[in-house]
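> One structure coming up, written as structure tokens, with questions to follow.
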Amino acid sequence: MAALGKSGQWEQTEALFQEVEAKGIPLQIYTYGALILAFANGGQIPKAIQLLKDMQANGFPPNEACYGAVLRGICRAGEMSEAQQVWGDMRASGVSPNLILCNIMLDGCSRQGDWNQAMLMLQDMMPLYGIQPDAISYSSVIAACAPSGQLDIALNVLGNMKISGIPRDVQVYTSLISVCIPKARSDTAFALLRAMTLTGVHKSDLSGIPKVVTAVLEWVGGLFPSQVYTSLISVCIPKARSDTAFALLRAMKDQSVYPNIATYTCLLRSIGGNGESRQAWELFREMDAFGIEPDQAAYAALVDVHAKQGDCHGAESAVQLMRRFGSVPNVAVYTSLVSAYGRAGRSKEAMMVMERMQEEGIQPNLFTFTALISACELGGYWEQALETYEEMKIRGIKADEVTFTLLMSALQKADRLEDINRLKMEQDGVSMLSSET
């Protein structure tokens, strides 16, 4: 059961669990833990949460490992409000947070780009729980600053690390470099790479580096490990500089610095805007040759390459490949799939994808709803766009400017002036309430 649980094979694990019950074999907390792990790794979060409650009711109070498995699954799914609820239930049951649990929550904040919540968690660790944050904790908070480019906050966290006497490793610098990406702060990114050389985080030479990247790497002082090459490739993503990204890949190989799954994912994202699906599949073949197993982020990037072209067939092929190798599509994959059908003008099929993902127990997030509203706007389905917006409100998901603009466009195309005015008044009311608060 433990082996099945780790691989997310929840149906087989559940069948074994039921067999144990049927044979009258006494259940142990580890038996429950294996099934919880299977549910969490298999994306069956509601089942995992229910099993926590069943354990409590059956006289097996869940321990840190059980809560950790559920929290990790929820955070990976991007459902931080649900994670906060489970966190509260855990504390109420008398289970005290430890460093691992805190880092799981910080990783969840990092994945969502919620730097504010990440900062609150970091600040609470010592005074509330008596837990000293480690390099992973600080790195997660810094990474949470990346999507919105909160460089000042990230640098302040770096300063607090120094005050606390925690060494700054490659991962911390890599997270800092990622904060520079949204606002194309390549000057700061390269300055951080230079700081790595000055602090002795890496040491090497420049022999054999291709001319296209020699100037950059000479300035920053030497050859870097794969994580830093990956960060350099990440800087290429906002402007779709796949030529520079692939030059960096060649530089790595020339120096026997081997790319990892993160490197390939960044390369896939760098070509996403150009829709070069051929290059994307070549990268997947190369990963297979090197024995690198794609993860959900890599598959999501492959689906996204096709989505940006409106290539539904290619996107579905990528999802089928993902399933064939035992990886479960997550919300990011389904969001790209919805976008693919929307861009292809196949709005009804985009709606069916949304239904499909929810049938599999995967809940849509803001980006999924936005992709569906975009599909409805492109196809002229204003009623469905409005229904999707109302569902967002019911779920407590606040529409951002992009979502609201797409919805307004769908209504304007249908001359729904009454709905437009109502929604504008509603939006103005929310804005006024927020400013007063």
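As shown in the structure tokens, the chain order sets the letters A, B, ...; within each chain, residues go from 1, and ligands are also counted from 1 in the order they appear.
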Find the residues around A:Ile166 up to 9 Å (only C-alpha atoms counted), leave out those fewer than 2 positions away in its own chain, and share them as a PyMOL selection string.

chain A and resi 133-135+160-164+168

> Those residues you just picked out, can you put them in a file as a PDB file, in the first residue's frame with N, CA, C and O atoms?


```pdb
ATOM      1  N   PRO A 133      12.938  29.168  10.840  1.00  0.00           N
ATOM      2  CA  PRO A 133      12.909  28.949   9.384  1.00  0.00           C
ATOM      3  C   PRO A 133      14.281  28.545   8.870  1.00  0.00           C
ATOM      4  O   PRO A 133      15.308  28.991   9.384  1.00  0.00           O
ATOM      5  N   ASP A 134      14.304  27.677   7.858  1.00  0.00           N
ATOM      6  CA  ASP A 134      15.563  27.285   7.248  1.00  0.00           C
ATOM      7  C   ASP A 134      15.680  27.886   5.844  1.00  0.00           C
ATOM      8  O   ASP A 134      14.847  28.704   5.439  1.00  0.00           O
ATOM      9  N   ALA A 135      16.717  27.485   5.121  1.00  0.00           N
ATOM     10  CA  ALA A 135      16.941  28.045   3.782  1.00  0.00           C
ATOM     11  C   ALA A 135      15.774  27.759   2.853  1.00  0.00           C
ATOM     12  O   ALA A 135      15.414  28.588   2.008  1.00  0.00           O
ATOM     13  N   ASN A 160      17.100  39.363   5.808  1.00  0.00           N
ATOM     14  CA  ASN A 160      16.717  38.703   7.061  1.00  0.00           C
ATOM     15  C   ASN A 160      17.406  37.353   7.217  1.00  0.00           C
ATOM     16  O   ASN A 160      17.706  36.922   8.335  1.00  0.00           O
ATOM     17  N   MET A 161      17.644  36.678   6.082  1.00  0.00           N
ATOM     18  CA  MET A 161      18.398  35.422   6.139  1.00  0.00           C
ATOM     19  C   MET A 161      19.782  35.650   6.713  1.00  0.00           C
ATOM     20  O   MET A 161      20.260  34.891   7.559  1.00  0.00           O
ATOM     21  N   LYS A 162      20.419  36.710   6.239  1.00  0.00           N
ATOM     22  CA  LYS A 162      21.776  37.022   6.709  1.00  0.00           C
ATOM     23  C   LYS A 162      21.775  37.320   8.198  1.00  0.00           C
ATOM     24  O   LYS A 162      22.638  36.844   8.950  1.00  0.00           O
ATOM     25  N   ILE A 163      20.784  38.106   8.644  1.00  0.00           N
ATOM     26  CA  ILE A 163      20.676  38.450  10.061  1.00  0.00           C
ATOM     27  C   ILE A 163      20.493  37.192  10.912  1.00  0.00           C
ATOM     28  O   ILE A 163      21.038  37.071  12.014  1.00  0.00           O
ATOM     29  N   SER A 164      19.707  36.228  10.376  1.00  0.00           N
ATOM     30  CA  SER A 164      19.422  34.988  11.110  1.00  0.00           C
ATOM     31  C   SER A 164      20.566  33.985  11.030  1.00  0.00           C
ATOM     32  O   SER A 164      20.500  32.916  11.647  1.00  0.00           O
ATOM     33  N   ARG A 168      23.133  31.406   2.370  1.00  0.00           N
ATOM     34  CA  ARG A 168      22.387  31.569   1.116  1.00  0.00           C
ATOM     35  C   ARG A 168      22.990  30.643   0.074  1.00  0.00           C
ATOM     36  O   ARG A 168      24.154  30.796  -0.302  1.00  0.00           O
TER      37      ARG A 168
END
```

> Tell me, as a ChimeraX atom specification, which residues lie within 8 Å of A:Ala118, counting only C-alpha atoms; anything in the same chain fewer than 5 positions away does not count.

/A:106,109-110,140-141,144

> The selected residues should be written to file as a PDB file, in the first residue's frame (atoms: N, CA, C and O atoms).


```pdb
ATOM      1  N   LEU A 106       4.401  27.110   2.921  1.00  0.00           N
ATOM      2  CA  LEU A 106       5.155  28.157   2.227  1.00  0.00           C
ATOM      3  C   LEU A 106       5.322  27.820   0.739  1.00  0.00           C
ATOM      4  O   LEU A 106       5.242  28.702  -0.120  1.00  0.00           O
ATOM      5  N   CYS A 109       2.132  28.738  -0.980  1.00  0.00           N
ATOM      6  CA  CYS A 109       2.085  30.188  -1.224  1.00  0.00           C
ATOM      7  C   CYS A 109       2.974  30.556  -2.401  1.00  0.00           C
ATOM      8  O   CYS A 109       2.620  31.405  -3.234  1.00  0.00           O
ATOM      9  N   SER A 110       4.138  29.905  -2.471  1.00  0.00           N
ATOM     10  CA  SER A 110       5.080  30.163  -3.553  1.00  0.00           C
ATOM     11  C   SER A 110       4.467  29.811  -4.905  1.00  0.00           C
ATOM     12  O   SER A 110       4.576  30.565  -5.874  1.00  0.00           O
ATOM     13  N   SER A 140      11.319  29.732  -0.385  1.00  0.00           N
ATOM     14  CA  SER A 140       9.916  29.680  -0.818  1.00  0.00           C
ATOM     15  C   SER A 140       9.268  31.056  -0.775  1.00  0.00           C
ATOM     16  O   SER A 140       8.502  31.429  -1.674  1.00  0.00           O
ATOM     17  N   VAL A 141       9.573  31.824   0.274  1.00  0.00           N
ATOM     18  CA  VAL A 141       9.012  33.177   0.371  1.00  0.00           C
ATOM     19  C   VAL A 141       9.540  34.044  -0.767  1.00  0.00           C
ATOM     20  O   VAL A 141       8.782  34.802  -1.393  1.00  0.00           O
ATOM     21  N   ALA A 144       7.817  33.165  -3.900  1.00  0.00           N
ATOM     22  CA  ALA A 144       6.439  33.671  -3.933  1.00  0.00           C
ATOM     23  C   ALA A 144       6.371  35.095  -4.476  1.00  0.00           C
ATOM     24  O   ALA A 144       5.329  35.528  -4.977  1.00  0.00           O
TER      25      ALA A 144
END
```

> I'd like the interatomic distance between atom CA of A:Cys66 and atom CA of A:Asp295, to a tenth of an Å.

23.6 Å

> Please provide as a PyMOL selection string all residues within 6 Å of stretch 249-263 of chain A, with the sequence filter that same-chain residues fewer than 3 positions apart are discarded (counting only C-alpha atoms).

chain A and resi 209+226+230+246+266

> Taking 4 positions as the minimum chain separation for residues in the same chain, which residues sit within 9 Å of A:Lys348 when counting only C-alpha atoms? Answer as a list in words.

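Listed by chain and then number, they are Tyr341, Gly342, Met352, Val353, Ala375, Cys376, Gly379 and Tyr381 of chain A.
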
> Please list as a list in words every residue within 9 Å of A:Val319, counting only C-alpha atoms and excluding residues in the same chain fewer than 6 positions away.

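Counting only C-alpha atoms, the residues come to Tyr299, Ala300, Leu302, Val303, Val328, Pro329, Val333, Tyr334 and Leu337 of chain A.
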
> Quick one: DSSP helix (DSSP H, G or I) residues in stretch 88-180 of chain A, as a ChimeraX atom specification?

/A:88-92,99-112,115-129,135-144,151-164,170-179

> For A:Gly73, which of A:Ser93, A:Asn330, A:Gln309, A:Gln12 is the closest residue, counting only C-alpha atoms?

A:Asn330

> Suppose you want the space between atom CA of A:Ile177 and atom CA of A:Cys145; what is it in Å?

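Computing the Euclidean distance for atom CA of A:Ile177 and atom CA of A:Cys145 yields 10.6 Å.
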
> Give me the residues near A:Ala410 as a PyMOL selection string, where near means some atom within 7 Å (using only C-alpha atoms) and where sequence neighbours in that chain fewer than 5 positions away do not count.

chain A and resi 377+380+382

> Limited to N, CA, C and O atoms, could you put the picked residues into a file as a CSV table (one decimal), in the first residue's frame?


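Contents of result25.csv, freshly written:
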```csv
chain,number,residue,atom,x,y,z
A,377,GLU,N,-16.1,34.3,-25.1
A,377,GLU,CA,-16.0,35.6,-25.7
A,377,GLU,C,-15.7,35.5,-27.2
A,377,GLU,O,-16.3,36.1,-28.1
A,380,GLY,N,-18.7,33.9,-29.0
A,380,GLY,CA,-20.0,34.6,-29.0
A,380,GLY,C,-21.0,34.1,-28.0
A,380,GLY,O,-22.2,34.3,-28.1
A,382,TRP,N,-22.2,34.7,-24.8
A,382,TRP,CA,-22.2,35.6,-23.7
A,382,TRP,C,-22.9,35.1,-22.5
A,382,TRP,O,-22.5,35.4,-21.4
```

> Using only C-alpha atoms, which of A:Pro294, A:Gly108, A:Ser231, A:Lys23 sits nearest A:Glu82?

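Of A:Pro294, A:Gly108, A:Ser231, A:Lys23, the one nearest A:Glu82, counting only C-alpha atoms, is A:Gly108.
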
> To one decimal place, how far is atom CA of A:Ala38 from atom CA of A:Gln9 in Å?

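Calculated distance between atom CA of A:Ala38 and atom CA of A:Gln9 is 5.9 Å.
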
> So that I can check the surroundings of A:Ala340, please list as a list in words every protein, DNA and RNA residue that reaches within 8 Å of it, counting only C-alpha atoms and ignoring chain neighbours fewer than 2 positions away.

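That gives Asp304, His306, Ala307, Lys308, Gln309, Gly310, Asp311, Cys312, Ala315, Ser336, Leu337, Val338, Gly342, Arg343, Ala344 and Ala350 of chain A.
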
> Would you mind exporting the chosen residues as a compact mmCIF listing (two decimals), in the first residue's frame, restricted to all heavy atoms?


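The resulting file, part.txt, is reproduced below:
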```
# COMPACT_ATOMS: atom_id res chain seq x y z
N ASP A 304 0.70 23.90 -23.34
CA ASP A 304 0.58 25.35 -23.55
C ASP A 304 1.16 25.77 -24.90
O ASP A 304 0.67 26.72 -25.52
CB ASP A 304 1.28 26.10 -22.42
CG ASP A 304 0.87 27.55 -22.36
OD1 ASP A 304 -0.34 27.83 -22.36
OD2 ASP A 304 1.75 28.43 -22.32
N HIS A 306 0.94 24.13 -27.66
CA HIS A 306 -0.14 23.88 -28.62
C HIS A 306 -1.32 24.82 -28.38
O HIS A 306 -1.99 25.23 -29.33
CB HIS A 306 -0.58 22.42 -28.52
CG HIS A 306 0.46 21.45 -28.98
ND1 HIS A 306 0.72 21.23 -30.32
CD2 HIS A 306 1.30 20.64 -28.30
CE1 HIS A 306 1.68 20.32 -30.43
NE2 HIS A 306 2.06 19.95 -29.22
N ALA A 307 -1.57 25.14 -27.11
CA ALA A 307 -2.70 26.02 -26.79
C ALA A 307 -2.52 27.39 -27.44
O ALA A 307 -3.48 27.98 -27.94
CB ALA A 307 -2.84 26.17 -25.28
N LYS A 308 -1.30 27.89 -27.42
CA LYS A 308 -1.05 29.22 -28.00
C LYS A 308 -1.24 29.22 -29.52
O LYS A 308 -1.42 30.27 -30.12
CB LYS A 308 0.35 29.69 -27.63
CG LYS A 308 0.47 30.12 -26.16
CD LYS A 308 1.86 30.60 -25.84
CE LYS A 308 1.89 31.31 -24.49
NZ LYS A 308 1.62 30.41 -23.37
N GLN A 309 -1.20 28.04 -30.13
CA GLN A 309 -1.47 27.92 -31.56
C GLN A 309 -2.94 27.61 -31.85
O GLN A 309 -3.34 27.59 -33.01
CB GLN A 309 -0.63 26.78 -32.17
CG GLN A 309 0.86 27.02 -32.21
CD GLN A 309 1.59 25.83 -32.80
OE1 GLN A 309 1.71 24.80 -32.16
NE2 GLN A 309 2.05 25.96 -34.02
N GLY A 310 -3.70 27.33 -30.78
CA GLY A 310 -5.06 26.88 -30.99
C GLY A 310 -5.10 25.47 -31.57
O GLY A 310 -6.05 25.09 -32.25
N ASP A 311 -4.05 24.69 -31.28
CA ASP A 311 -3.92 23.34 -31.81
C ASP A 311 -4.49 22.35 -30.80
O ASP A 311 -3.77 21.82 -29.94
CB ASP A 311 -2.44 23.04 -32.09
CG ASP A 311 -2.20 21.63 -32.61
OD1 ASP A 311 -3.18 20.92 -32.89
OD2 ASP A 311 -1.01 21.23 -32.73
N CYS A 312 -5.79 22.09 -30.90
CA CYS A 312 -6.46 21.21 -29.93
C CYS A 312 -5.94 19.78 -30.02
O CYS A 312 -5.74 19.11 -29.00
CB CYS A 312 -7.97 21.19 -30.17
SG CYS A 312 -8.69 22.81 -30.31
N ALA A 315 -2.60 19.53 -28.32
CA ALA A 315 -2.75 19.65 -26.87
C ALA A 315 -3.31 18.37 -26.28
O ALA A 315 -2.82 17.89 -25.24
CB ALA A 315 -3.68 20.83 -26.55
N SER A 336 -4.67 25.10 -19.85
CA SER A 336 -4.10 25.23 -21.20
C SER A 336 -4.98 24.54 -22.23
O SER A 336 -5.14 25.02 -23.36
CB SER A 336 -2.68 24.65 -21.24
OG SER A 336 -1.79 25.44 -20.50
N LEU A 337 -5.58 23.42 -21.85
CA LEU A 337 -6.45 22.68 -22.77
C LEU A 337 -7.71 23.49 -23.07
O LEU A 337 -8.16 23.56 -24.23
CB LEU A 337 -6.81 21.33 -22.14
CG LEU A 337 -7.29 20.22 -23.08
CD1 LEU A 337 -6.29 19.98 -24.21
CD2 LEU A 337 -7.51 18.94 -22.29
N VAL A 338 -8.29 24.12 -22.05
CA VAL A 338 -9.44 25.00 -22.27
C VAL A 338 -9.05 26.13 -23.22
O VAL A 338 -9.79 26.49 -24.15
CB VAL A 338 -9.94 25.59 -20.92
CG1 VAL A 338 -10.97 26.70 -21.15
CG2 VAL A 338 -10.55 24.50 -20.05
N GLY A 342 -10.49 27.21 -26.92
CA GLY A 342 -10.99 28.58 -27.09
C GLY A 342 -10.35 29.28 -28.25
O GLY A 342 -11.03 29.90 -29.09
N ARG A 343 -9.02 29.18 -28.35
CA ARG A 343 -8.30 29.83 -29.45
C ARG A 343 -8.66 29.22 -30.81
O ARG A 343 -8.54 29.88 -31.84
CB ARG A 343 -6.79 29.74 -29.23
CG ARG A 343 -6.28 30.62 -28.11
CD ARG A 343 -4.83 30.29 -27.78
NE ARG A 343 -4.34 31.06 -26.67
CZ ARG A 343 -3.65 32.19 -26.77
NH1 ARG A 343 -3.37 32.68 -27.96
NH2 ARG A 343 -3.24 32.83 -25.69
N ALA A 344 -9.08 27.96 -30.79
CA ALA A 344 -9.47 27.29 -32.04
C ALA A 344 -10.90 27.62 -32.43
O ALA A 344 -11.38 27.17 -33.47
CB ALA A 344 -9.30 25.78 -31.90
N ALA A 350 -14.48 23.64 -25.19
CA ALA A 350 -13.77 24.22 -24.04
C ALA A 350 -14.60 24.05 -22.77
O ALA A 350 -14.07 23.73 -21.70
CB ALA A 350 -13.48 25.70 -24.30
```
